[in-house]
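Have a look at protein.cif; it's mmCIF, C-alpha atoms and all ligand atoms:
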```
data_model
#
loop_
_atom_site.group_PDB
_atom_site.id
_atom_site.type_symbol
_atom_site.label_atom_id
_atom_site.label_comp_id
_atom_site.auth_asym_id
_atom_site.auth_seq_id
_atom_site.Cartn_x
_atom_site.Cartn_y
_atom_site.Cartn_z
ATOM 1 C CA MET B 1 77.953 103.211 96.596
ATOM 2 C CA LEU B 2 78.477 103.738 100.299
ATOM 3 C CA LEU B 3 76.626 101.743 102.898
ATOM 4 C CA PRO B 4 74.187 103.624 105.143
ATOM 5 C CA THR B 5 76.240 105.274 107.865
ATOM 6 C CA SER B 6 74.368 103.446 110.594
ATOM 7 C CA ILE B 7 75.890 100.096 109.641
ATOM 8 C CA ILE B 8 79.444 101.245 108.840
ATOM 9 C CA ALA B 9 81.794 100.184 111.621
ATOM 10 C CA VAL B 10 85.044 100.918 109.857
ATOM 11 C CA LEU B 11 85.834 102.068 106.350
ATOM 12 C CA PRO B 12 85.061 99.323 103.810
ATOM 13 C CA GLY B 13 87.958 98.031 101.743
ATOM 14 C CA THR B 14 91.522 96.921 102.408
ATOM 15 C CA TRP B 15 93.720 99.419 104.204
ATOM 16 C CA PRO B 16 97.176 99.443 105.835
ATOM 17 C CA ALA B 17 97.603 98.786 109.539
ATOM 18 C CA GLN B 18 96.496 101.696 111.651
ATOM 19 C CA SER B 19 98.912 104.187 113.178
ATOM 20 C CA ALA B 20 102.045 102.885 111.460
ATOM 21 C CA PRO B 21 103.698 104.197 108.290
ATOM 22 C CA PRO B 22 102.098 102.278 105.419
ATOM 23 C CA PRO B 23 104.174 100.139 103.075
ATOM 24 C CA ALA B 24 105.218 101.518 99.718
ATOM 25 C CA ASN B 25 102.580 100.973 97.047
ATOM 26 C CA ALA B 26 103.908 100.646 93.489
ATOM 27 C CA ASN B 27 100.736 102.079 91.977
ATOM 28 C CA TYR B 28 101.061 105.171 94.149
ATOM 29 C CA THR B 29 104.824 105.510 93.610
ATOM 30 C CA SER B 30 104.312 105.532 89.844
ATOM 31 C CA LEU B 31 102.271 108.736 90.160
ATOM 32 C CA VAL B 32 105.387 110.730 91.056
ATOM 33 C CA ASP B 33 108.327 111.711 88.822
ATOM 34 C CA ARG B 34 111.227 111.213 91.199
ATOM 35 C CA SER B 35 113.623 113.136 88.957
ATOM 36 C CA LYS B 36 111.684 116.303 89.832
ATOM 37 C CA ILE B 37 111.852 115.851 93.614
ATOM 38 C CA ARG B 38 114.464 117.946 95.357
ATOM 39 C CA ASN B 39 116.971 115.763 97.135
ATOM 40 C CA ALA B 40 116.680 116.865 100.751
ATOM 41 C CA PRO B 41 118.371 114.408 103.135
ATOM 42 C CA LEU B 42 116.341 111.769 104.923
ATOM 43 C CA ASN B 43 116.355 112.597 108.624
ATOM 44 C CA GLN B 44 116.988 109.795 111.119
ATOM 45 C CA ALA B 45 115.141 111.817 113.744
ATOM 46 C CA THR B 46 113.656 115.293 114.012
ATOM 47 C CA PRO B 47 114.691 117.974 114.317
ATOM 48 C CA ASN B 48 117.950 117.422 112.473
ATOM 49 C CA CYS B 49 118.988 120.950 111.639
ATOM 50 C CA PRO B 50 121.703 121.533 109.034
ATOM 51 C CA ALA B 51 124.093 124.469 109.249
ATOM 52 C CA THR B 52 122.594 125.880 106.054
ATOM 53 C CA ASP B 53 118.894 125.526 105.298
ATOM 54 C CA THR B 54 119.254 124.540 101.643
ATOM 55 C CA TYR B 55 115.935 122.699 101.485
ATOM 56 C CA CYS B 56 113.665 125.110 103.388
ATOM 57 C CA TYR B 57 113.140 122.843 106.394
ATOM 58 C CA TRP B 58 110.294 124.371 108.427
ATOM 59 C CA THR B 59 110.996 122.428 111.612
ATOM 60 C CA CYS B 60 114.339 124.174 112.052
ATOM 61 C CA THR B 61 113.868 127.614 110.506
ATOM 62 C CA LEU B 62 110.105 128.096 109.911
ATOM 63 C CA CYS B 63 111.103 128.379 106.242
ATOM 64 C CA THR B 64 108.215 128.439 103.768
ATOM 65 C CA ARG B 65 107.997 128.703 99.965
ATOM 66 C CA ASN B 66 105.550 131.257 98.632
ATOM 67 C CA ASP B 67 105.070 129.393 95.341
ATOM 68 C CA THR B 68 103.688 126.251 97.000
ATOM 69 C CA ASP B 69 102.912 126.768 100.685
ATOM 70 C CA ILE B 70 99.769 128.128 102.289
ATOM 71 C CA ILE B 71 100.726 129.882 105.497
ATOM 72 C CA ARG B 72 97.942 132.315 106.375
ATOM 73 C CA CYS B 73 94.718 133.764 105.048
ATOM 74 C CA PRO B 74 95.783 136.755 102.953
ATOM 75 C CA ASN B 75 92.937 139.127 103.771
ATOM 76 C CA SER B 76 92.877 140.845 107.145
ATOM 77 C CA LEU B 77 89.852 139.781 109.193
ATOM 78 C CA ASP B 78 89.784 136.340 107.543
ATOM 79 C CA TRP B 79 90.634 133.513 109.942
ATOM 80 C CA GLY B 80 91.260 129.924 108.921
ATOM 81 C CA LEU B 81 90.460 127.827 111.985
ATOM 82 C CA THR B 82 92.106 124.436 111.506
ATOM 83 C CA LEU B 83 91.658 121.279 113.575
ATOM 84 C CA ASP B 84 94.102 118.405 113.215
ATOM 85 C CA ASP B 85 94.374 114.685 113.995
ATOM 86 C CA GLY B 86 90.718 113.614 113.814
ATOM 87 C CA PRO B 87 88.213 112.338 113.164
ATOM 88 C CA THR B 88 87.760 111.135 116.743
ATOM 89 C CA SER B 89 84.824 110.632 119.091
ATOM 90 C CA PHE B 90 85.527 114.179 120.328
ATOM 91 C CA THR B 91 84.986 115.626 116.857
ATOM 92 C CA THR B 92 81.234 115.099 117.217
ATOM 93 C CA SER B 93 80.846 117.695 119.962
ATOM 94 C CA VAL B 94 82.905 120.145 117.910
ATOM 95 C CA LEU B 95 80.555 119.601 114.965
ATOM 96 C CA ASP B 96 77.526 120.092 117.215
ATOM 97 C CA TYR B 97 78.874 123.455 118.348
ATOM 98 C CA LEU B 98 79.988 124.651 114.908
ATOM 99 C CA ASP B 99 76.509 123.887 113.571
ATOM 100 C CA THR B 100 74.995 126.260 116.130
ATOM 101 C CA GLN B 101 77.287 129.047 114.892
ATOM 102 C CA ASN B 102 77.117 128.165 111.194
ATOM 103 C CA VAL B 103 80.926 128.297 111.195
ATOM 104 C CA LYS B 104 82.977 126.234 108.710
ATOM 105 C CA VAL B 105 86.508 125.079 109.544
ATOM 106 C CA THR B 106 89.184 122.864 108.040
ATOM 107 C CA PHE B 107 89.874 119.380 109.372
ATOM 108 C CA PHE B 108 93.289 117.888 108.569
ATOM 109 C CA VAL B 109 92.505 114.226 109.156
ATOM 110 C CA ILE B 110 94.623 111.164 109.862
ATOM 111 C CA GLY B 111 93.937 108.273 107.488
ATOM 112 C CA SER B 112 93.973 105.721 110.305
ATOM 113 C CA ASN B 113 91.272 107.727 112.055
ATOM 114 C CA VAL B 114 89.215 108.026 108.870
ATOM 115 C CA TYR B 115 89.334 104.227 108.708
ATOM 116 C CA GLU B 116 88.151 104.075 112.322
ATOM 117 C CA ASN B 117 85.479 106.802 112.162
ATOM 118 C CA PRO B 118 84.205 107.200 108.600
ATOM 119 C CA GLU B 119 80.747 108.248 109.719
ATOM 120 C CA ILE B 120 82.145 111.187 111.684
ATOM 121 C CA LEU B 121 84.058 112.323 108.607
ATOM 122 C CA GLN B 122 80.882 112.047 106.563
ATOM 123 C CA ARG B 123 79.074 114.271 109.022
ATOM 124 C CA ALA B 124 81.873 116.895 108.927
ATOM 125 C CA PHE B 125 81.905 116.882 105.130
ATOM 126 C CA LYS B 126 78.134 117.060 104.837
ATOM 127 C CA ALA B 127 78.113 120.078 107.174
ATOM 128 C CA GLY B 128 80.371 121.931 104.715
ATOM 129 C CA HIS B 129 83.671 121.769 106.552
ATOM 130 C CA GLN B 130 86.845 121.336 104.509
ATOM 131 C CA ILE B 131 88.448 117.890 104.674
ATOM 132 C CA ALA B 132 92.203 117.728 104.073
ATOM 133 C CA VAL B 133 95.067 115.223 104.379
ATOM 134 C CA HIS B 134 97.241 114.877 107.507
ATOM 135 C CA THR B 135 98.928 111.529 106.591
ATOM 136 C CA TRP B 136 97.995 107.949 107.412
ATOM 137 C CA SER B 137 100.025 107.464 110.593
ATOM 138 C CA HIS B 138 101.044 110.953 111.774
ATOM 139 C CA THR B 139 104.722 110.291 111.272
ATOM 140 C CA ALA B 140 107.395 112.964 110.786
ATOM 141 C CA LEU B 141 107.557 112.945 106.992
ATOM 142 C CA THR B 142 111.193 114.020 106.647
ATOM 143 C CA THR B 143 112.177 110.761 108.386
ATOM 144 C CA GLN B 144 110.384 108.614 105.791
ATOM 145 C CA SER B 145 111.498 107.463 102.353
ATOM 146 C CA THR B 146 109.916 109.077 99.323
ATOM 147 C CA GLU B 147 107.898 105.903 98.640
ATOM 148 C CA VAL B 148 106.497 105.890 102.178
ATOM 149 C CA VAL B 149 105.722 109.631 102.108
ATOM 150 C CA ILE B 150 103.766 109.031 98.901
ATOM 151 C CA ALA B 151 101.903 106.156 100.592
ATOM 152 C CA GLU B 152 101.216 108.261 103.717
ATOM 153 C CA LEU B 153 99.530 110.919 101.591
ATOM 154 C CA LYS B 154 97.790 108.731 99.007
ATOM 155 C CA TYR B 155 96.306 106.178 101.407
ATOM 156 C CA THR B 156 94.843 109.078 103.370
ATOM 157 C CA SER B 157 93.505 110.762 100.251
ATOM 158 C CA ASP B 158 91.983 107.472 99.108
ATOM 159 C CA ALA B 159 90.455 106.837 102.542
ATOM 160 C CA ILE B 160 88.820 110.268 102.363
ATOM 161 C CA LYS B 161 87.614 109.485 98.843
ATOM 162 C CA ALA B 162 86.187 106.168 100.048
ATOM 163 C CA ALA B 163 84.411 107.839 102.963
ATOM 164 C CA VAL B 164 83.024 111.024 101.366
ATOM 165 C CA ASN B 165 83.714 110.622 97.634
ATOM 166 C CA VAL B 166 85.989 113.616 97.155
ATOM 167 C CA THR B 167 89.723 113.948 96.503
ATOM 168 C CA PRO B 168 91.311 116.535 98.811
ATOM 169 C CA LYS B 169 93.675 119.182 97.390
ATOM 170 C CA TYR B 170 95.224 120.298 100.678
ATOM 171 C CA MET B 171 97.640 118.544 103.039
ATOM 172 C CA ARG B 172 99.410 119.355 106.288
ATOM 173 C CA PRO B 173 102.629 117.662 107.421
ATOM 174 C CA PRO B 174 102.425 116.307 111.002
ATOM 175 C CA PHE B 175 104.405 118.491 113.433
ATOM 176 C CA GLY B 176 104.931 120.900 110.523
ATOM 177 C CA ASP B 177 107.815 118.612 109.598
ATOM 178 C CA TYR B 178 108.434 119.332 105.918
ATOM 179 C CA ASP B 179 111.093 120.426 103.494
ATOM 180 C CA ASP B 180 111.463 120.743 99.716
ATOM 181 C CA ARG B 181 111.331 116.964 99.187
ATOM 182 C CA ILE B 182 107.984 116.751 100.984
ATOM 183 C CA ARG B 183 106.720 119.861 99.155
ATOM 184 C CA ASP B 184 107.585 118.329 95.785
ATOM 185 C CA ILE B 185 105.927 115.009 96.594
ATOM 186 C CA ALA B 186 102.744 116.686 97.835
ATOM 187 C CA THR B 187 102.626 119.036 94.866
ATOM 188 C CA GLN B 188 103.047 116.217 92.357
ATOM 189 C CA LEU B 189 100.191 114.377 94.072
ATOM 190 C CA GLY B 190 98.005 117.456 93.635
ATOM 191 C CA MET B 191 98.092 118.604 97.262
ATOM 192 C CA LYS B 192 98.919 122.080 98.557
ATOM 193 C CA PRO B 193 101.197 122.047 101.643
ATOM 194 C CA THR B 194 99.396 123.993 104.353
ATOM 195 C CA ILE B 195 101.071 125.172 107.536
ATOM 196 C CA TRP B 196 99.863 127.735 110.102
ATOM 197 C CA ASP B 197 101.070 131.104 111.335
ATOM 198 C CA LEU B 198 99.493 130.925 114.806
ATOM 199 C CA ASP B 199 99.858 127.867 117.060
ATOM 200 C CA SER B 200 97.440 127.650 119.998
ATOM 201 C CA ASN B 201 99.845 125.163 121.637
ATOM 202 C CA ASP B 202 96.794 123.126 122.693
ATOM 203 C CA TRP B 203 98.772 119.957 121.868
ATOM 204 C CA MET B 204 100.953 120.624 124.919
ATOM 205 C CA SER B 205 98.007 119.767 127.151
ATOM 206 C CA ALA B 206 98.445 116.088 126.273
ATOM 207 C CA ASP B 207 101.670 115.532 128.183
ATOM 208 C CA ASP B 208 102.670 118.735 130.000
ATOM 209 C CA PRO B 209 101.114 118.722 133.491
ATOM 210 C CA THR B 210 101.940 122.410 133.931
ATOM 211 C CA PHE B 211 99.972 123.415 130.830
ATOM 212 C CA GLN B 212 96.819 125.332 131.677
ATOM 213 C CA LEU B 213 93.896 124.930 129.311
ATOM 214 C CA SER B 214 92.967 128.589 129.828
ATOM 215 C CA TRP B 215 96.141 129.499 127.923
ATOM 216 C CA ILE B 216 94.476 128.378 124.664
ATOM 217 C CA ALA B 217 91.693 130.979 124.757
ATOM 218 C CA GLY B 218 94.285 133.324 126.230
ATOM 219 C CA ASN B 219 96.357 132.982 123.076
ATOM 220 C CA PHE B 220 93.360 133.837 120.902
ATOM 221 C CA ASN B 221 92.575 136.865 123.067
ATOM 222 C CA GLU B 222 96.151 138.077 122.701
ATOM 223 C CA TRP B 223 96.166 137.527 118.944
ATOM 224 C CA VAL B 224 92.961 139.449 118.227
ATOM 225 C CA SER B 225 94.167 142.403 120.296
ATOM 226 C CA ASP B 226 97.668 142.535 118.788
ATOM 227 C CA PRO B 227 97.851 145.428 116.270
ATOM 228 C CA THR B 228 100.816 143.836 114.479
ATOM 229 C CA LEU B 229 98.560 140.902 113.524
ATOM 230 C CA LYS B 230 95.979 143.126 111.794
ATOM 231 C CA ARG B 231 97.836 143.413 108.480
ATOM 232 C CA THR B 232 96.866 139.959 107.212
ATOM 233 C CA GLY B 233 94.458 137.185 108.030
ATOM 234 C CA HIS B 234 95.643 134.062 109.819
ATOM 235 C CA ILE B 235 95.555 130.288 110.002
ATOM 236 C CA SER B 236 95.532 128.901 113.542
ATOM 237 C CA LEU B 237 96.362 125.391 114.731
ATOM 238 C CA GLU B 238 94.191 123.367 117.138
ATOM 239 C CA HIS B 239 93.369 119.683 117.583
ATOM 240 C CA ASP B 240 90.214 117.583 117.881
ATOM 241 C CA LEU B 241 92.309 114.603 119.022
ATOM 242 C CA TYR B 242 91.755 115.190 122.739
ATOM 243 C CA ASN B 243 88.618 115.839 124.736
ATOM 244 C CA GLN B 244 90.145 118.850 126.481
ATOM 245 C CA THR B 245 91.301 120.517 123.267
ATOM 246 C CA ALA B 246 88.070 119.846 121.389
ATOM 247 C CA ALA B 247 86.284 121.484 124.315
ATOM 248 C CA GLN B 248 88.151 124.741 123.650
ATOM 249 C CA ILE B 249 86.434 125.376 120.307
ATOM 250 C CA PRO B 250 83.273 126.877 121.861
ATOM 251 C CA LEU B 251 85.557 129.215 123.806
ATOM 252 C CA VAL B 252 87.747 130.473 120.967
ATOM 253 C CA VAL B 253 85.139 130.887 118.205
ATOM 254 C CA PRO B 254 83.314 133.689 120.091
ATOM 255 C CA ILE B 255 86.628 135.491 120.618
ATOM 256 C CA LEU B 256 87.213 135.602 116.853
ATOM 257 C CA LEU B 257 83.635 136.557 115.989
ATOM 258 C CA LYS B 258 83.567 139.326 118.601
ATOM 259 C CA ALA B 259 86.777 140.712 117.073
ATOM 260 C CA ASN B 260 84.988 140.833 113.680
ATOM 261 C CA TYR B 261 86.963 138.016 112.097
ATOM 262 C CA SER B 262 85.268 135.907 109.441
ATOM 263 C CA ILE B 263 86.050 132.270 110.147
ATOM 264 C CA LYS B 264 86.613 130.487 106.840
ATOM 265 C CA THR B 265 87.851 127.211 105.512
ATOM 266 C CA VAL B 266 91.431 127.408 104.240
ATOM 267 C CA HIS B 267 90.439 126.976 100.603
ATOM 268 C CA ASN B 268 87.860 129.742 100.906
ATOM 269 C CA CYS B 269 90.214 132.205 102.558
ATOM 270 C CA VAL B 270 92.879 131.746 99.881
ATOM 271 C CA GLY B 271 90.320 132.180 97.099
ATOM 272 C CA ASP B 272 90.279 128.589 95.830
ATOM 273 C CA SER B 273 86.820 127.724 94.521
ATOM 274 C CA SER B 274 87.088 124.091 95.627
ATOM 275 C CA ALA B 275 88.842 122.120 98.344
ATOM 276 C CA TYR B 276 88.620 119.039 96.147
ATOM 277 C CA VAL B 277 89.590 117.824 92.720
ATOM 278 C CA GLU B 278 85.921 117.301 91.952
ATOM 279 C CA MET B 279 85.163 120.946 91.112
ATOM 280 C CA TRP B 280 81.476 120.436 90.523
ATOM 281 C CA LEU B 281 80.966 119.745 94.198
ATOM 282 C CA SER B 282 81.649 123.367 95.018
ATOM 283 C CA ILE B 283 79.091 124.522 92.460
ATOM 284 C CA GLN B 284 76.130 122.481 93.609
ATOM 285 C CA PRO B 285 77.035 121.048 97.015
ATOM 286 C CA ALA B 286 73.482 120.151 98.038
ATOM 287 C CA VAL B 287 72.926 118.088 94.913
ATOM 288 C CA ALA B 288 76.335 116.487 95.120
ATOM 289 C CA ILE B 289 75.942 115.466 98.727
ATOM 290 C CA ASP B 290 72.568 113.915 98.059
ATOM 291 C CA LEU B 291 74.136 111.776 95.379
ATOM 292 C CA ILE B 292 76.896 110.297 97.450
ATOM 293 C CA ILE B 293 75.652 109.972 101.020
HETATM 294 ZN ZN ZN M 1 98.862 116.497 113.772
#
```

Is it possible to give me this structure as C-alpha cells?
Ligand SMILES: [Zn+2]
Amino acid sequence: MLLPTSIIAVLPGTWPAQSAPPPANANYTSLVDRSKIRNAPLNQATPNCPATDTYCYWTCTLCTRNDTDIIRCPNSLDWGLTLDDGPTSFTTSVLDYLDTQNVKVTFFVIGSNVYENPEILQRAFKAGHQIAVHTWSHTALTTQSTEVVIAELKYTSDAIKAAVNVTPKYMRPPFGDYDDRIRDIATQLGMKPTIWDLDSNDWMSADDPTFQLSWIAGNFNEWVSDPTLKRTGHISLEHDLYNQTAAQIPLVVPILLKANYSIKTVHNCVGDSSAYVEMWLSIQPAVAIDLII
C-alpha cells in the first residue's frame, strides 16, 4: 500500500543511483531469452552508422519495423501528443493546463525522475494520461550491453509500478536510439517500441542559443496546414524536462484542436484497450484508482 502522497519525498524502496545506467540485475536478465535477440553490434558512441543497415538502426536511417514499432497514429485527425523526460517540477503546470482542456497525452518517463517525483507521476496517472517507459538514466541504448538495457527498462517499469501500481506496455528509446537488438529486448519484456513521426525540436532550446521558442508552435502550425500530412494521424515529440518547453503545451494544443485533430494517448490512437498489463484498469478506471491511491 502506498503512503499518502503528502509524505512521500522519494519513491519508497531500494533503487539504483539516479541518472546513471543501472547495474545488471540477474532477476531481470533471466526474463529475456538471449538466443532470440538479434545480434546488432554494441555501439561505442552514437551515431555509429554502418554501410548497410542490417539491424534497422533508426538513428542513422530512420528505419522502423512495422511488426513491432509504433510510429504514428493510423487514423487521420488523430494526434498522439507525447512528452518525454519527466516527471519534473515543470510537469505540474502542464497537468494543470491539460486538465482545463480535458486532453490526455502520453508521458514517457525517466525512472530516475519517477524516483525523485513519484507524487507528480501519481497525479498524471490519476488524470488519465498514459504513463510509459523512457529508461532509468536516459542513456543511448545501443551503447549499452543487453543486461544493462534490460535493467534500464525494467527498473523504470518497476518504479512506475511502485508509484502508480500499473505495468506499462509502451517504451521509447532516448534520442530514438534503437535497433533490432533493442526492439527484441523491449518486446520480450512486454513493451512496444514507440517512436514519433513529427519532432517539434523543442529539445534544441536547451543548448542552442539561436533556437527560438516560437519555432515550436510554428512547427505545429506548419504540420496542421500541410496537405501531405493529412493521410494519416501523427505522433509528435515534446519534452516536459525544461520550463521553456513545458510552457509550449498551452500554445500547441489549441493549434491541434482548431485544426480538428483529436488529441489521444498513444495506446488509444493505435486501438489498444489498455496502456498497461493490468487490463482491468482500463475497464473501470475510477474504481481502480480509488483502490491504489
Ligand atoms: Zn528523452

- Message: At a cut-off of 12 Å and counting only C-alpha atoms and all ligand atoms, what residues surround ligand ZN 1 (chain M)? Please answer as a PyMOL selection string.
- Response: chain B and resi 82-87+107-111+113+132-141+171-177+195-196+199+201-203+237-242

- Message: Translate the PyMOL selection byres (((chain B and resi 152) around 8) and not hetatm) into a concrete residue list for this structure, as a PyMOL selection string.
- Response: chain B and resi 21-22+135-137+148-151+153-156

- Task: Determine the nearest neighbour of Ser225 of chain B from the options B:Ser200, B:Tyr261, B:Lys161, B:Leu95, counting only C-alpha atoms.
- Result: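 Result for the nearest residue to Ser225 of chain B: B:Tyr261.
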
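The result of the PyMOL selection byres (((chain B and resi 13) around 10) and not hetatm) on the shown file is Val10, Leu11, Pro12, Thr14, Trp15, Tyr115, Ala159 and Ala162 of chain B.
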
- Message: Quick check on the file I pasted: which residues fall under the PyMOL selection byres (((chain B and resi 98) around 12) and not hetatm)? Write them as a ChimeraX atom specification.
- Response: /B:81,91-97,99-106,123-124,127-129,246-254,263-264

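Distances from B:Thr265, B:Gln130, B:Ser145, B:Ser76 to Val224 of chain B were compared using all atoms listed in the file, and the smallest one belongs to B:Ser76.
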
- Task: Tell me, in Å to one decimal, how far atom CA of Val270 of chain B is from atom CA of Arg72 of chain B.
- Result: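 So the two atoms, atom CA of Val270 of chain B and atom CA of Arg72 of chain B, lie 8.3 Å apart.
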
- Item | d(atom CA of Ser112 of chain B, atom CA of Tyr170 of chain B) in Å |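 Here the two named atoms are 17.5 Å from each other.
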
- Item | Between atom CA of Ile160 of chain B and atom CA of Pro16 of chain B - distance in Å to one decimal |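 Spanning atom CA of Pro16 of chain B to atom CA of Ile160 of chain B is a straight-line distance of 14.1 Å.
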
- Message: I need the residue nearest Asn66 of chain B from this list: B:Val114, B:Cys269, B:Pro193, B:Ser30. Use all atoms listed in the file for the distance.
- Response: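 Looking only at the distances to Asn66 of chain B, the closest residue turns out to be B:Pro193.
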
- For Leu77 of chain B, list every protein, DNA or RNA residue within 10 Å, evaluated using only C-alpha atoms, and leave out those in the same chain fewer than 2 positions away; present the list as a list in words.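 Non-adjacent residues within range: Cys73, Pro74, Asn75, Trp79, Gly80, Val224, Leu229, Lys230, Arg231, Thr232, Gly233, His234, Leu256, Leu257, Ala259, Asn260, Tyr261, Ser262 and Ile263 of chain B.
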
- Message: Counting only C-alpha atoms, find residues at most 12 Å from (118.5, 117.9, 108.1) (file frame) and give them as number ranges by chain.
- Response: B: 39-61, 142-143, 177-181

For segment 100-121 of chain B, supply N, CA and C atoms and report the output as a PDB file, in the coordinates of the input.
```pdb
ATOM      1  N   THR B 100      75.789 125.199 115.482  1.00  0.00           N
ATOM      2  CA  THR B 100      74.995 126.260 116.130  1.00  0.00           C
ATOM      3  C   THR B 100      75.467 127.641 115.702  1.00  0.00           C
ATOM      4  N   GLN B 101      76.726 127.747 115.293  1.00  0.00           N
ATOM      5  CA  GLN B 101      77.287 129.047 114.892  1.00  0.00           C
ATOM      6  C   GLN B 101      77.340 129.222 113.389  1.00  0.00           C
ATOM      7  N   ASN B 102      76.976 128.184 112.649  1.00  0.00           N
ATOM      8  CA  ASN B 102      77.117 128.165 111.194  1.00  0.00           C
ATOM      9  C   ASN B 102      78.539 128.560 110.767  1.00  0.00           C
ATOM     10  N   VAL B 103      79.511 128.028 111.471  1.00  0.00           N
ATOM     11  CA  VAL B 103      80.926 128.297 111.195  1.00  0.00           C
ATOM     12  C   VAL B 103      81.538 127.072 110.511  1.00  0.00           C
ATOM     13  N   LYS B 104      82.320 127.326 109.448  1.00  0.00           N
ATOM     14  CA  LYS B 104      82.977 126.234 108.710  1.00  0.00           C
ATOM     15  C   LYS B 104      84.488 126.299 108.951  1.00  0.00           C
ATOM     16  N   VAL B 105      85.074 125.152 109.239  1.00  0.00           N
ATOM     17  CA  VAL B 105      86.508 125.079 109.544  1.00  0.00           C
ATOM     18  C   VAL B 105      87.150 124.030 108.631  1.00  0.00           C
ATOM     19  N   THR B 106      88.460 123.870 108.815  1.00  0.00           N
ATOM     20  CA  THR B 106      89.184 122.864 108.040  1.00  0.00           C
ATOM     21  C   THR B 106      89.697 121.776 108.975  1.00  0.00           C
ATOM     22  N   PHE B 107      89.388 120.534 108.620  1.00  0.00           N
ATOM     23  CA  PHE B 107      89.874 119.380 109.372  1.00  0.00           C
ATOM     24  C   PHE B 107      90.991 118.698 108.576  1.00  0.00           C
ATOM     25  N   PHE B 108      92.197 118.684 109.145  1.00  0.00           N
ATOM     26  CA  PHE B 108      93.289 117.888 108.569  1.00  0.00           C
ATOM     27  C   PHE B 108      93.248 116.532 109.265  1.00  0.00           C
ATOM     28  N   VAL B 109      92.845 115.502 108.523  1.00  0.00           N
ATOM     29  CA  VAL B 109      92.505 114.226 109.156  1.00  0.00           C
ATOM     30  C   VAL B 109      93.577 113.168 108.932  1.00  0.00           C
ATOM     31  N   ILE B 110      93.684 112.285 109.913  1.00  0.00           N
ATOM     32  CA  ILE B 110      94.623 111.164 109.862  1.00  0.00           C
ATOM     33  C   ILE B 110      93.914 109.972 109.211  1.00  0.00           C
ATOM     34  N   GLY B 111      94.566 109.378 108.212  1.00  0.00           N
ATOM     35  CA  GLY B 111      93.937 108.273 107.488  1.00  0.00           C
ATOM     36  C   GLY B 111      93.507 107.137 108.398  1.00  0.00           C
ATOM     37  N   SER B 112      94.330 106.788 109.363  1.00  0.00           N
ATOM     38  CA  SER B 112      93.973 105.721 110.305  1.00  0.00           C
ATOM     39  C   SER B 112      92.695 106.046 111.055  1.00  0.00           C
ATOM     40  N   ASN B 113      92.489 107.328 111.346  1.00  0.00           N
ATOM     41  CA  ASN B 113      91.272 107.727 112.055  1.00  0.00           C
ATOM     42  C   ASN B 113      90.063 107.792 111.128  1.00  0.00           C
ATOM     43  N   VAL B 114      90.308 108.102 109.849  1.00  0.00           N
ATOM     44  CA  VAL B 114      89.215 108.026 108.870  1.00  0.00           C
ATOM     45  C   VAL B 114      88.740 106.583 108.756  1.00  0.00           C
ATOM     46  N   TYR B 115      89.685 105.652 108.730  1.00  0.00           N
ATOM     47  CA  TYR B 115      89.334 104.227 108.708  1.00  0.00           C
ATOM     48  C   TYR B 115      88.473 103.877 109.922  1.00  0.00           C
ATOM     49  N   GLU B 116      88.839 104.405 111.074  1.00  0.00           N
ATOM     50  CA  GLU B 116      88.151 104.075 112.322  1.00  0.00           C
ATOM     51  C   GLU B 116      86.780 104.745 112.435  1.00  0.00           C
ATOM     52  N   ASN B 117      86.682 105.986 111.928  1.00  0.00           N
ATOM     53  CA  ASN B 117      85.479 106.802 112.162  1.00  0.00           C
ATOM     54  C   ASN B 117      84.938 107.419 110.875  1.00  0.00           C
ATOM     55  N   PRO B 118      84.635 106.598 109.873  1.00  0.00           N
ATOM     56  CA  PRO B 118      84.205 107.200 108.600  1.00  0.00           C
ATOM     57  C   PRO B 118      82.902 107.985 108.723  1.00  0.00           C
ATOM     58  N   GLU B 119      82.029 107.553 109.618  1.00  0.00           N
ATOM     59  CA  GLU B 119      80.747 108.248 109.719  1.00  0.00           C
ATOM     60  C   GLU B 119      80.911 109.648 110.297  1.00  0.00           C
ATOM     61  N   ILE B 120      81.907 109.839 111.140  1.00  0.00           N
ATOM     62  CA  ILE B 120      82.145 111.187 111.684  1.00  0.00           C
ATOM     63  C   ILE B 120      82.695 112.089 110.586  1.00  0.00           C
ATOM     64  N   LEU B 121      83.556 111.541 109.734  1.00  0.00           N
ATOM     65  CA  LEU B 121      84.058 112.323 108.607  1.00  0.00           C
ATOM     66  C   LEU B 121      82.923 112.699 107.665  1.00  0.00           C
TER      67      LEU B 121
END
```
